[in-house]
>>> print(open('target.txt').read())   # compact mmCIF, C-alpha atoms and all ligand atoms
# COMPACT_ATOMS: atom_id res chain seq x y z
CA MET A 1 0.00 0.00 0.00
CA LEU A 2 1.19 3.54 -0.69
CA SER A 3 1.68 5.56 2.45
CA SER A 4 -0.27 8.78 2.88
CA ARG A 5 3.09 10.56 2.74
CA SER A 6 3.85 9.24 -0.76
CA LEU A 7 0.32 10.09 -1.90
CA PHE A 8 0.81 13.62 -0.63
CA ARG A 9 4.16 13.79 -2.48
CA ALA A 10 2.39 12.76 -5.72
CA ALA A 11 -0.27 15.41 -5.29
CA THR A 12 2.01 18.23 -4.12
CA PRO A 13 3.01 19.68 -7.53
CA PHE A 14 -0.67 19.76 -8.35
CA ILE A 15 -1.65 21.54 -5.20
CA ARG A 16 1.18 24.05 -5.74
CA ALA A 17 0.03 24.65 -9.30
CA GLN A 18 -3.49 25.34 -8.04
CA ARG A 19 -2.19 27.96 -5.62
CA THR A 20 -0.76 30.07 -8.40
CA TYR A 21 -4.28 30.73 -9.70
CA ALA A 22 -6.18 33.86 -8.87
CA THR A 23 -9.89 33.66 -8.22
CA SER A 24 -10.92 36.63 -10.34
CA VAL A 25 -13.34 35.79 -13.11
CA ALA A 26 -11.96 35.30 -16.62
CA SER A 27 -12.39 38.26 -18.93
CA PHE A 28 -10.75 39.31 -22.22
CA ASN A 29 -8.17 42.08 -22.10
CA GLY A 30 -6.72 41.80 -25.62
CA LYS A 31 -5.94 44.82 -27.79
CA LYS A 32 -6.30 45.33 -31.54
CA ASN A 33 -3.11 45.24 -33.63
CA ALA A 34 -1.84 48.02 -35.94
CA ASN A 35 -4.25 46.84 -38.69
CA GLY A 36 -7.24 47.33 -36.40
CA ASN A 37 -7.68 43.56 -35.99
CA TYR A 38 -7.34 41.15 -33.08
CA THR A 39 -4.79 38.39 -33.55
CA VAL A 40 -6.15 35.00 -32.50
CA THR A 41 -4.07 31.83 -32.16
CA MET A 42 -5.40 29.00 -34.33
CA ILE A 43 -4.66 25.40 -33.35
CA GLU A 44 -6.11 23.41 -36.23
CA GLY A 45 -5.72 20.06 -34.49
CA ASP A 46 -5.81 16.50 -35.81
CA GLY A 47 -8.17 14.50 -38.03
CA ILE A 48 -11.19 16.58 -39.05
CA GLY A 49 -9.59 19.57 -37.29
CA ILE A 50 -7.99 20.67 -40.54
CA GLU A 51 -11.27 20.59 -42.51
CA ILE A 52 -13.39 22.33 -39.90
CA SER A 53 -10.76 25.04 -39.22
CA GLU A 54 -10.70 25.75 -42.95
CA ALA A 55 -14.48 26.24 -42.86
CA VAL A 56 -14.17 28.69 -39.94
CA LYS A 57 -11.45 30.69 -41.72
CA ASP A 58 -13.48 30.90 -44.96
CA ILE A 59 -16.62 32.04 -43.12
CA TYR A 60 -14.71 34.63 -41.05
CA LYS A 61 -13.11 36.05 -44.17
CA ALA A 62 -16.51 36.36 -45.88
CA ALA A 63 -18.04 37.91 -42.73
CA LYS A 64 -15.17 40.43 -42.52
CA VAL A 65 -14.52 39.63 -38.84
CA PRO A 66 -11.68 41.84 -37.56
CA ILE A 67 -9.48 38.87 -36.71
CA GLU A 68 -6.10 37.72 -38.03
CA TRP A 69 -5.35 34.05 -37.38
CA GLU A 70 -1.96 33.02 -36.07
CA PRO A 71 -1.61 29.29 -36.80
CA VAL A 72 0.54 27.28 -34.38
CA ASP A 73 1.62 23.66 -34.18
CA VAL A 74 1.14 22.08 -30.76
CA THR A 75 2.73 18.71 -31.56
CA PRO A 76 4.11 17.93 -28.08
CA ILE A 77 7.76 17.69 -27.20
CA LEU A 78 9.15 15.82 -24.20
CA VAL A 79 11.10 18.02 -21.79
CA ASP A 80 12.62 16.09 -18.85
CA GLY A 81 10.18 13.27 -19.63
CA LYS A 82 7.15 15.61 -19.41
CA THR A 83 4.69 16.25 -22.29
CA THR A 84 5.28 19.90 -23.16
CA ILE A 85 3.76 22.31 -25.66
CA PRO A 86 6.30 23.97 -28.00
CA LYS A 87 7.35 27.43 -26.76
CA VAL A 88 6.26 29.15 -29.99
CA ALA A 89 2.70 27.93 -29.44
CA VAL A 90 2.67 28.86 -25.73
CA ASP A 91 4.06 32.33 -26.51
CA SER A 92 1.43 32.88 -29.22
CA VAL A 93 -1.47 32.07 -26.86
CA ARG A 94 0.01 34.16 -24.03
CA LYS A 95 0.45 37.12 -26.39
CA ASN A 96 -2.98 36.93 -28.04
CA LEU A 97 -4.87 35.88 -24.86
CA VAL A 98 -7.32 33.88 -26.94
CA ALA A 99 -7.19 30.79 -29.17
CA LEU A 100 -9.51 28.68 -31.28
CA LYS A 101 -8.63 25.01 -31.18
CA GLY A 102 -9.55 21.97 -33.25
CA PRO A 103 -9.59 18.50 -31.69
CA LEU A 104 -6.36 16.79 -30.67
CA ALA A 105 -6.10 13.00 -30.78
CA THR A 106 -4.96 11.25 -27.60
CA PRO A 107 -3.58 7.72 -27.98
CA VAL A 108 -5.34 5.36 -25.53
CA GLY A 109 -3.22 3.37 -23.08
CA LYS A 110 0.09 4.97 -24.12
CA GLY A 111 2.41 6.60 -21.57
CA HIS A 112 2.07 10.30 -22.38
CA VAL A 113 -0.30 12.79 -20.85
CA SER A 114 -3.20 14.02 -23.04
CA LEU A 115 -2.25 17.16 -24.93
CA ASN A 116 -5.69 18.61 -24.16
CA LEU A 117 -4.96 18.23 -20.45
CA THR A 118 -1.51 19.71 -20.93
CA LEU A 119 -3.01 22.76 -22.65
CA ARG A 120 -5.56 23.25 -19.85
CA ARG A 121 -2.83 23.04 -17.22
CA THR A 122 -0.30 25.17 -19.12
CA PHE A 123 -2.76 28.06 -19.36
CA ASN A 124 -4.66 27.47 -16.09
CA LEU A 125 -7.94 27.02 -17.97
CA PHE A 126 -9.98 26.25 -14.89
CA ALA A 127 -13.56 26.29 -16.20
CA ASN A 128 -14.98 24.60 -19.26
CA VAL A 129 -18.28 26.15 -20.33
CA ARG A 130 -20.51 23.91 -22.45
CA PRO A 131 -23.84 25.32 -23.64
CA CYS A 132 -26.28 23.01 -25.41
CA LYS A 133 -29.26 24.48 -27.24
CA SER A 134 -31.82 22.89 -29.56
CA ILE A 135 -31.60 24.11 -33.13
CA VAL A 136 -34.94 25.34 -34.43
CA GLY A 137 -35.63 23.47 -37.67
CA TYR A 138 -33.59 20.41 -36.73
CA LYS A 139 -35.98 17.98 -35.05
CA THR A 140 -34.77 15.74 -32.24
CA PRO A 141 -36.87 13.87 -29.63
CA TYR A 142 -36.76 17.01 -27.47
CA ASP A 143 -37.57 20.62 -28.37
CA GLY A 144 -36.38 23.59 -26.37
CA VAL A 145 -33.24 22.08 -24.80
CA ASP A 146 -31.20 24.98 -23.39
CA THR A 147 -28.62 23.83 -20.88
CA VAL A 148 -25.34 25.33 -19.71
CA LEU A 149 -22.87 23.12 -17.98
CA ILE A 150 -19.61 24.26 -16.38
CA ARG A 151 -17.01 21.59 -15.86
CA GLU A 152 -14.08 21.89 -13.45
CA ASN A 153 -11.17 21.58 -15.84
CA THR A 154 -7.96 20.97 -13.92
CA GLU A 155 -8.24 18.21 -11.32
CA GLY A 156 -10.70 15.60 -10.04
CA GLU A 157 -10.41 12.29 -11.86
CA TYR A 158 -8.10 13.97 -14.41
CA SER A 159 -5.29 14.66 -11.93
CA GLY A 160 -3.27 11.92 -13.63
CA ILE A 161 -2.05 10.52 -10.31
CA GLU A 162 -2.13 6.76 -10.88
CA HIS A 163 -0.04 3.97 -9.41
CA VAL A 164 0.40 0.25 -9.69
CA VAL A 165 0.22 -0.70 -6.02
CA VAL A 166 1.22 -4.33 -6.70
CA PRO A 167 0.78 -6.13 -10.04
CA GLY A 168 -2.95 -6.49 -10.64
CA VAL A 169 -3.87 -3.71 -8.20
CA VAL A 170 -3.92 -0.11 -9.36
CA GLN A 171 -4.89 3.13 -7.73
CA SER A 172 -6.14 6.35 -9.35
CA ILE A 173 -6.43 9.45 -7.20
CA LYS A 174 -9.35 11.84 -7.57
CA LEU A 175 -7.92 15.09 -6.31
CA ILE A 176 -10.32 17.82 -5.20
CA THR A 177 -9.02 21.06 -3.73
CA LYS A 178 -11.05 23.81 -2.10
CA GLU A 179 -9.20 26.37 -4.17
CA ALA A 180 -9.98 24.86 -7.58
CA SER A 181 -13.56 24.11 -6.50
CA GLU A 182 -14.10 27.67 -5.32
CA ARG A 183 -12.61 29.08 -8.51
CA VAL A 184 -14.90 27.13 -10.85
CA LEU A 185 -17.93 27.62 -8.61
CA ARG A 186 -17.34 31.37 -8.46
CA TYR A 187 -17.09 31.41 -12.24
CA ALA A 188 -20.43 29.56 -12.43
CA PHE A 189 -22.15 32.07 -10.11
CA GLU A 190 -20.74 35.02 -12.07
CA TYR A 191 -21.58 33.39 -15.41
CA ALA A 192 -25.18 32.79 -14.29
CA ARG A 193 -25.53 36.49 -13.47
CA SER A 194 -24.04 37.47 -16.83
CA ILE A 195 -26.65 35.43 -18.73
CA ASN A 196 -29.54 36.36 -16.41
CA LYS A 197 -30.05 32.92 -14.90
CA THR A 198 -30.84 32.86 -11.21
CA LYS A 199 -30.25 29.22 -10.28
CA ILE A 200 -27.03 27.24 -9.86
CA LEU A 201 -27.13 23.45 -9.78
CA ALA A 202 -24.07 21.81 -8.21
CA VAL A 203 -23.96 18.23 -9.48
CA HIS A 204 -22.10 15.71 -7.29
CA LYS A 205 -21.91 12.24 -5.77
CA ALA A 206 -21.18 13.27 -2.20
CA SER A 207 -23.37 10.44 -0.94
CA ILE A 208 -20.51 8.08 -1.85
CA MET A 209 -17.44 10.34 -2.23
CA LYS A 210 -18.20 12.08 1.03
CA VAL A 211 -14.84 13.76 1.44
CA SER A 212 -13.95 14.79 -2.15
CA ASP A 213 -17.38 15.65 -3.58
CA GLY A 214 -18.31 16.68 -0.05
CA LEU A 215 -15.66 19.41 -0.22
CA PHE A 216 -16.94 20.56 -3.62
CA LEU A 217 -20.46 20.76 -2.24
CA SER A 218 -19.61 22.52 1.03
CA THR A 219 -17.54 25.05 -0.95
CA ALA A 220 -20.57 25.71 -3.17
CA LYS A 221 -22.78 26.25 -0.11
CA GLU A 222 -20.27 28.65 1.46
CA LEU A 223 -19.90 30.62 -1.76
CA ALA A 224 -23.67 30.87 -2.27
CA LYS A 225 -23.81 33.21 0.75
CA GLU A 226 -21.92 35.79 -1.34
CA TYR A 227 -24.61 35.63 -4.04
CA PRO A 228 -27.96 36.29 -2.30
CA ASP A 229 -29.59 37.08 -5.67
CA LEU A 230 -28.89 33.51 -6.88
CA THR A 231 -30.26 30.20 -5.60
CA LEU A 232 -28.00 27.20 -5.16
CA GLU A 233 -29.50 23.75 -5.56
CA THR A 234 -27.67 20.42 -5.51
CA GLU A 235 -28.33 17.12 -7.26
CA LEU A 236 -26.72 13.68 -7.43
CA ILE A 237 -25.12 13.01 -10.82
CA ASP A 238 -27.19 9.87 -11.42
CA SER A 239 -30.44 11.76 -10.78
CA THR A 240 -29.32 14.52 -13.13
CA CYS A 241 -28.68 11.96 -15.92
CA LEU A 242 -32.07 10.36 -15.44
CA ARG A 243 -33.98 13.64 -15.22
CA LEU A 244 -32.13 15.24 -18.15
CA VAL A 245 -32.96 12.42 -20.57
CA THR A 246 -36.54 12.18 -19.24
CA ASP A 247 -37.33 15.89 -19.50
CA PRO A 248 -34.54 18.41 -20.17
CA ALA A 249 -36.87 21.46 -20.07
CA PRO A 250 -36.52 22.34 -16.34
CA TYR A 251 -32.72 22.54 -16.69
CA LYS A 252 -32.97 25.67 -18.82
CA ASP A 253 -33.35 27.70 -15.61
CA TYR A 254 -29.97 26.57 -14.24
CA VAL A 255 -26.26 26.90 -14.74
CA MET A 256 -24.95 23.44 -13.85
CA VAL A 257 -21.48 23.15 -12.32
CA MET A 258 -19.61 19.98 -11.43
CA PRO A 259 -16.29 18.18 -10.98
CA ASN A 260 -14.29 17.22 -14.06
CA LEU A 261 -15.41 13.73 -15.12
CA TYR A 262 -19.11 14.32 -14.44
CA GLY A 263 -18.91 17.37 -16.72
CA ASP A 264 -17.28 15.34 -19.48
CA ILE A 265 -19.99 12.68 -19.41
CA LEU A 266 -22.97 14.94 -18.82
CA SER A 267 -22.01 17.30 -21.64
CA ASP A 268 -21.86 14.43 -24.15
CA LEU A 269 -25.26 13.31 -22.86
CA SER A 270 -26.59 16.84 -23.38
CA SER A 271 -25.12 16.89 -26.92
CA GLY A 272 -27.11 13.75 -27.67
CA LEU A 273 -30.32 15.59 -26.74
CA ILE A 274 -29.86 18.21 -29.47
CA GLY A 275 -28.44 16.11 -32.30
CA GLY A 276 -24.93 15.03 -31.40
CA LEU A 277 -21.34 16.07 -30.96
CA GLY A 278 -21.17 17.91 -34.28
CA LEU A 279 -23.23 20.73 -32.72
CA THR A 280 -21.79 21.44 -29.27
CA PRO A 281 -19.29 24.21 -28.57
CA SER A 282 -17.20 24.97 -25.52
CA GLY A 283 -14.92 27.56 -23.97
CA ASN A 284 -11.97 26.79 -21.68
CA MET A 285 -11.73 29.84 -19.46
CA GLY A 286 -8.71 31.03 -17.51
CA ASP A 287 -7.85 34.25 -15.75
CA GLU A 288 -5.35 35.23 -18.42
CA VAL A 289 -6.18 33.34 -21.59
CA SER A 290 -9.14 31.39 -22.96
CA ILE A 291 -9.24 28.61 -25.53
CA PHE A 292 -12.44 27.83 -27.40
CA GLU A 293 -12.97 24.37 -28.90
CA ALA A 294 -15.63 21.93 -30.05
CA VAL A 295 -16.62 19.26 -27.53
CA HIS A 296 -16.01 16.49 -30.09
CA GLY A 297 -12.74 14.73 -30.93
CA SER A 298 -10.74 14.27 -34.13
CA ALA A 299 -13.29 11.83 -35.65
CA PRO A 300 -10.69 9.55 -37.30
CA ASP A 301 -13.49 7.54 -38.97
CA ILE A 302 -14.41 10.46 -41.27
CA ALA A 303 -11.18 12.51 -41.30
CA GLY A 304 -9.98 13.70 -44.71
CA LYS A 305 -13.27 12.75 -46.43
CA GLY A 306 -14.80 16.24 -46.50
CA LEU A 307 -17.80 15.05 -44.44
CA ALA A 308 -17.21 16.74 -41.08
CA ASN A 309 -19.73 19.12 -39.59
CA PRO A 310 -17.93 22.38 -38.71
CA THR A 311 -20.87 23.67 -36.60
CA ALA A 312 -19.40 22.85 -33.18
CA LEU A 313 -16.16 24.68 -33.96
CA LEU A 314 -18.10 27.55 -35.54
CA LEU A 315 -20.33 27.90 -32.47
CA SER A 316 -17.21 27.71 -30.27
CA SER A 317 -15.82 30.60 -32.31
CA VAL A 318 -19.10 32.47 -31.76
CA MET A 319 -18.60 32.02 -27.98
CA MET A 320 -15.09 33.39 -28.52
CA LEU A 321 -16.40 36.46 -30.40
CA ARG A 322 -18.82 37.21 -27.54
CA HIS A 323 -15.97 36.81 -25.03
CA MET A 324 -13.99 39.33 -27.12
CA GLY A 325 -16.92 41.75 -27.25
CA LEU A 326 -17.47 41.25 -31.01
CA ASN A 327 -21.20 40.66 -30.50
CA ASP A 328 -22.47 41.83 -33.89
CA HIS A 329 -20.19 39.42 -35.74
CA ALA A 330 -21.17 36.67 -33.31
CA VAL A 331 -24.88 37.17 -34.02
CA LYS A 332 -24.32 37.31 -37.79
CA ILE A 333 -22.32 34.08 -37.94
CA GLU A 334 -24.52 32.23 -35.45
CA ASN A 335 -27.69 33.10 -37.38
CA ALA A 336 -26.11 32.04 -40.69
CA VAL A 337 -25.02 28.67 -39.22
CA LEU A 338 -28.36 27.93 -37.54
CA SER A 339 -30.44 28.94 -40.55
CA THR A 340 -28.27 26.77 -42.82
CA ILE A 341 -28.92 23.74 -40.59
CA ALA A 342 -32.65 24.53 -40.53
CA SER A 343 -32.78 24.99 -44.32
CA GLY A 344 -32.97 21.30 -45.13
CA LYS A 345 -31.26 17.95 -45.48
CA GLU A 346 -29.35 18.94 -48.59
CA ASN A 347 -27.49 21.61 -46.59
CA ARG A 348 -26.79 19.46 -43.54
CA THR A 349 -23.81 17.13 -43.03
CA GLY A 350 -24.14 13.36 -42.57
CA ASP A 351 -24.09 13.42 -38.74
CA LEU A 352 -27.37 15.41 -38.98
CA LYS A 353 -28.83 12.92 -41.48
CA GLY A 354 -28.02 15.25 -44.36
CA THR A 355 -26.12 14.90 -47.61
CA ALA A 356 -23.91 18.00 -47.62
CA SER A 357 -20.13 17.99 -47.66
CA THR A 358 -18.18 20.29 -45.34
CA LYS A 359 -17.48 22.55 -48.32
CA HIS A 360 -21.14 22.75 -49.40
CA PHE A 361 -22.24 23.53 -45.83
CA THR A 362 -19.59 26.26 -45.60
CA GLU A 363 -20.73 27.85 -48.87
CA GLN A 364 -24.33 27.81 -47.65
CA VAL A 365 -23.36 29.56 -44.39
CA ILE A 366 -21.46 32.20 -46.36
CA SER A 367 -24.47 32.79 -48.60
CA ARG A 368 -26.59 33.52 -45.48
CA LEU A 369 -24.22 35.94 -43.74
N1 LIG A 401 -11.02 18.21 -27.13
C1 LIG A 401 -10.42 17.33 -27.89
O1 LIG A 401 -9.45 17.63 -28.55
C2 LIG A 401 -10.95 15.92 -27.90
C3 LIG A 401 -12.21 15.61 -27.38
C4 LIG A 401 -12.67 14.30 -27.45
C5 LIG A 401 -11.85 13.33 -28.02
N2 LIG A 401 -10.61 13.66 -28.49
C6 LIG A 401 -9.77 12.68 -29.18
O2 LIG A 401 -10.29 12.45 -30.49
C7 LIG A 401 -10.00 11.12 -30.90
C8 LIG A 401 -11.24 10.43 -31.41
O3 LIG A 401 -12.16 10.29 -30.32
P1 LIG A 401 -13.58 9.59 -30.42
O4 LIG A 401 -13.65 8.82 -31.71
O5 LIG A 401 -13.82 8.91 -29.13
O6 LIG A 401 -14.62 10.79 -30.44
P2 LIG A 401 -14.99 11.78 -31.64
O7 LIG A 401 -15.74 12.92 -31.04
O8 LIG A 401 -13.80 12.12 -32.43
O9 LIG A 401 -16.00 10.95 -32.57
C9 LIG A 401 -17.18 10.29 -32.07
C10 LIG A 401 -18.18 10.10 -33.22
O10 LIG A 401 -18.76 11.36 -33.56
C11 LIG A 401 -18.51 11.70 -34.92
N3 LIG A 401 -18.17 13.13 -34.98
C12 LIG A 401 -17.47 13.84 -34.08
N4 LIG A 401 -17.34 15.11 -34.46
C13 LIG A 401 -17.99 15.21 -35.64
C14 LIG A 401 -18.19 16.28 -36.55
N5 LIG A 401 -17.73 17.52 -36.31
N6 LIG A 401 -18.89 16.04 -37.69
C15 LIG A 401 -19.38 14.81 -37.95
N7 LIG A 401 -19.22 13.74 -37.12
C16 LIG A 401 -18.52 13.96 -35.98
C17 LIG A 401 -17.32 10.85 -35.35
O11 LIG A 401 -17.33 10.62 -36.73
C18 LIG A 401 -17.53 9.59 -34.51
O12 LIG A 401 -18.41 8.72 -35.15
C19 LIG A 401 -9.35 10.45 -29.69
O13 LIG A 401 -7.95 10.46 -29.86
C20 LIG A 401 -9.75 11.31 -28.52
O14 LIG A 401 -8.82 11.27 -27.47
C21 LIG A 401 -10.16 14.93 -28.47
>>> encode(input="target.txt", output="structure tokens")
Amino acid sequence: MLSSRSLFRAATPFIRAQRTYATSVASFNGKKNANGNYTVTMIEGDGIGIEISEAVKDIYKAAKVPIEWEPVDVTPILVDGKTTIPKVAVDSVRKNLVALKGPLATPVGKGHVSLNLTLRRTFNLFANVRPCKSIVGYKTPYDGVDTVLIRENTEGEYSGIEHVVVPGVVQSIKLITKEASERVLRYAFEYARSINKTKILAVHKASIMKVSDGLFLSTAKELAKEYPDLTLETELIDSTCLRLVTDPAPYKDYVMVMPNLYGDILSDLSSGLIGGLGLTPSGNMGDEVSIFEAVHGSAPDIAGKGLANPTALLLSSVMMLRHMGLNDHAVKIENAVLSTIASGKENRTGDLKGTASTKHFTEQVISRL
């Protein structure tokens, strides 16, 4: 058995890293360049990442968005045995304060740390915001889904602290700190205010993980006292899953906030309610920089075939525009994307039971700008 001292040693760098974070709420402080444009780092990513990034760039050019893309390669390098992002890429994101990112493939069961995790840790991206809204004109079993889920993005089951205790017995540590919990919870309370929602739902499993999820929950209850205009409710993760797939409508009143793994699973579940992963955007928020990305992965089964749906990355970029204060451009692009999807099967990609290629979909969006 590992002693509590060696467990503490394993978790220490993590706890130290958490302490470097401030608790102020992420906001964009970028400035326009000499051409009157913002420079945004573009990480095209793997698999369909290349095709869907191309679609975004074409649409932004046609919509005359005041953005210049700075493409960077994040192929990891090993420094002292640690997965590390090349300095050029890190410097670009730190300079521009905002990035749009395609999916990055993570080999399963191989030794290195996920590059997505490395990015989140490198830039202290502590909250992952995942909205999920039904698209009018694209029928799914549920109408009117409108959920927002905020996932803790830096620790929990993703702390990466795993050991072989003895052959055949392994241990994986779920690390929860008060500091990281408070930071993501505070973001959720502030985010709710900013979008005029009055209820926060902290999703947990403190009935079983009494200490770890218990800390998350007690932190939420403490913090709620600072927000008398908002109501905090709590719900067990299994109940949330059941109730969401039975009737998602009541969840439109809430901003949901939860530890890392629950957020990963529940956001894919929510994607399923509105038509799948091709539609759901996200924003990874940090105090200094923010990285916006689709919820889906690199889709190796359709990569390079011109079939990918660029909507999730486009809607992620729309979240990015709003974060940057470019609201008019956000509305214009969002409306063009949504009306293209609603316009019929021939303009929708295969994941939405349509026949359109990525290129055809992109041209249709441009024609509706
Ligand atoms: N944030 C990220 O970068 C991220 C997220 C999830 C998975 N991944 C990585 O992506 C790789 C593939 O993962 P996976 O296959 O489990 O999940 P995936 O999301 O790549 O694909 C799941 C299914 O959804 C379909 N799909 C996903 N996005 C689509 C789109 N935009 N248009 C049309 N169809 C789409 C795929 O074709 C596939 O059938 C893995 O290496 C995984 O680690 C990366």
>>> residues_around(input="target.txt", residues="Ala192 of chain A", least_positions_apart="3", cutoff="10 Å", atoms="all atoms listed in the file", output="MDAnalysis selection string")
chainID A and resid 148 186:189 195:200 230 253:256
>>> write_last_selection(input="target.txt", atoms="C-alpha atoms", output="compact mmCIF listing (two decimals), in the coordinates of the input")
# COMPACT_ATOMS: atom_id res chain seq x y z
CA VAL A 148 -25.34 25.33 -19.71
CA ARG A 186 -17.34 31.37 -8.46
CA TYR A 187 -17.09 31.41 -12.24
CA ALA A 188 -20.43 29.56 -12.43
CA PHE A 189 -22.15 32.07 -10.11
CA ILE A 195 -26.65 35.43 -18.73
CA ASN A 196 -29.54 36.36 -16.41
CA LYS A 197 -30.05 32.92 -14.90
CA THR A 198 -30.84 32.86 -11.21
CA LYS A 199 -30.25 29.22 -10.28
CA ILE A 200 -27.03 27.24 -9.86
CA LEU A 230 -28.89 33.51 -6.88
CA ASP A 253 -33.35 27.70 -15.61
CA TYR A 254 -29.97 26.57 -14.24
CA VAL A 255 -26.26 26.90 -14.74
CA MET A 256 -24.95 23.44 -13.85
>>> closest_atom_pairs(input="target.txt", of="chain A", to="ligand LIG 401 (chain A)", cutoff="7 Å", atoms="all atoms listed in the file", output="JSON lines")
{"residue": "A:Gly102", "atom": "CA", "partner": "A:LIG401", "partner_atom": "O1", "distance": 6.4}
{"residue": "A:Pro103", "atom": "CA", "partner": "A:LIG401", "partner_atom": "O1", "distance": 3.3}
{"residue": "A:Leu104", "atom": "CA", "partner": "A:LIG401", "partner_atom": "O1", "distance": 3.8}
{"residue": "A:Ala105", "atom": "CA", "partner": "A:LIG401", "partner_atom": "O13", "distance": 3.3}
{"residue": "A:Thr106", "atom": "CA", "partner": "A:LIG401", "partner_atom": "O13", "distance": 3.8}
{"residue": "A:Pro107", "atom": "CA", "partner": "A:LIG401", "partner_atom": "O13", "distance": 5.5}
{"residue": "A:Asn116", "atom": "CA", "partner": "A:LIG401", "partner_atom": "O1", "distance": 5.9}
{"residue": "A:Leu277", "atom": "CA", "partner": "A:LIG401", "partner_atom": "N4", "distance": 5.4}
{"residue": "A:Gly278", "atom": "CA", "partner": "A:LIG401", "partner_atom": "N5", "distance": 4.0}
{"residue": "A:Glu293", "atom": "CA", "partner": "A:LIG401", "partner_atom": "N1", "distance": 6.7}
{"residue": "A:Ala294", "atom": "CA", "partner": "A:LIG401", "partner_atom": "N1", "distance": 6.6}
{"residue": "A:Val295", "atom": "CA", "partner": "A:LIG401", "partner_atom": "N1", "distance": 5.7}
{"residue": "A:His296", "atom": "CA", "partner": "A:LIG401", "partner_atom": "O7", "distance": 3.7}
{"residue": "A:Gly297", "atom": "CA", "partner": "A:LIG401", "partner_atom": "O8", "distance": 3.2}
{"residue": "A:Ser298", "atom": "CA", "partner": "A:LIG401", "partner_atom": "O2", "distance": 4.1}
{"residue": "A:Ala299", "atom": "CA", "partner": "A:LIG401", "partner_atom": "O8", "distance": 3.3}
{"residue": "A:Pro300", "atom": "CA", "partner": "A:LIG401", "partner_atom": "C8", "distance": 6.0}
{"residue": "A:Asp301", "atom": "CA", "partner": "A:LIG401", "partner_atom": "O11", "distance": 5.4}
{"residue": "A:Ile302", "atom": "CA", "partner": "A:LIG401", "partner_atom": "O11", "distance": 5.4}
{"residue": "A:Leu307", "atom": "CA", "partner": "A:LIG401", "partner_atom": "C15", "distance": 6.7}
{"residue": "A:Ala308", "atom": "CA", "partner": "A:LIG401", "partner_atom": "N6", "distance": 3.8}
{"residue": "A:Asn309", "atom": "CA", "partner": "A:LIG401", "partner_atom": "N6", "distance": 3.7}
{"residue": "A:Pro310", "atom": "CA", "partner": "A:LIG401", "partner_atom": "N5", "distance": 5.4}
{"residue": "A:Thr311", "atom": "CA", "partner": "A:LIG401", "partner_atom": "N5", "distance": 6.9}
{"residue": "A:Ala312", "atom": "CA", "partner": "A:LIG401", "partner_atom": "N5", "distance": 6.4}
{"residue": "A:Gly350", "atom": "CA", "partner": "A:LIG401", "partner_atom": "C15", "distance": 6.8}
{"residue": "A:Asp351", "atom": "CA", "partner": "A:LIG401", "partner_atom": "C15", "distance": 5.0}
>>> atom_distance(input="target.txt", atom1="atom CA of Ile150 of chain A", atom2="atom CA of Met258 of chain A")
6.5 Å
>>> closest_residue(input="target.txt", among="A:Ser27, A:Glu51, A:Glu363, A:Thr340", to="Gly304 of chain A", atoms="all atoms listed in the file")
A:Glu51
>>> residues_around(input="target.txt", residues="Ser239 of chain A", least_positions_apart="3", cutoff="10 Å", atoms="all atoms listed in the file", output="count of residues only")
8
>>> closest_residue(input="target.txt", among="A:Ile291, A:Val257, A:Leu100, A:Ile208", to="Ser53 of chain A", atoms="only C-alpha atoms")
A:Leu100
>>> atom_distance(input="target.txt", atom1="atom CA of Leu279 of chain A", atom2="atom CA of Ala330 of chain A")
16.1 Å
>>> atom_distance(input="target.txt", atom1="atom CA of Thr240 of chain A", atom2="atom CA of Leu217 of chain A")
15.4 Å
>>> decode(input="target.txt", residues="segment 264-282 of chain A", atoms="C-alpha atoms", output="PDB file, in the first residue's frame")
ATOM      1  CA  ASP A 264     -17.275  15.342 -19.475  1.00  0.00           C
ATOM      2  CA  ILE A 265     -19.985  12.683 -19.412  1.00  0.00           C
ATOM      3  CA  LEU A 266     -22.975  14.940 -18.822  1.00  0.00           C
ATOM      4  CA  SER A 267     -22.009  17.296 -21.643  1.00  0.00           C
ATOM      5  CA  ASP A 268     -21.856  14.425 -24.154  1.00  0.00           C
ATOM      6  CA  LEU A 269     -25.255  13.307 -22.856  1.00  0.00           C
ATOM      7  CA  SER A 270     -26.595  16.843 -23.378  1.00  0.00           C
ATOM      8  CA  SER A 271     -25.117  16.888 -26.922  1.00  0.00           C
ATOM      9  CA  GLY A 272     -27.110  13.752 -27.672  1.00  0.00           C
ATOM     10  CA  LEU A 273     -30.320  15.592 -26.742  1.00  0.00           C
ATOM     11  CA  ILE A 274     -29.862  18.206 -29.467  1.00  0.00           C
ATOM     12  CA  GLY A 275     -28.436  16.109 -32.301  1.00  0.00           C
ATOM     13  CA  GLY A 276     -24.925  15.028 -31.402  1.00  0.00           C
ATOM     14  CA  LEU A 277     -21.341  16.067 -30.960  1.00  0.00           C
ATOM     15  CA  GLY A 278     -21.170  17.912 -34.281  1.00  0.00           C
ATOM     16  CA  LEU A 279     -23.227  20.732 -32.717  1.00  0.00           C
ATOM     17  CA  THR A 280     -21.792  21.436 -29.270  1.00  0.00           C
ATOM     18  CA  PRO A 281     -19.291  24.211 -28.570  1.00  0.00           C
ATOM     19  CA  SER A 282     -17.203  24.973 -25.516  1.00  0.00           C
TER      20      SER A 282
END
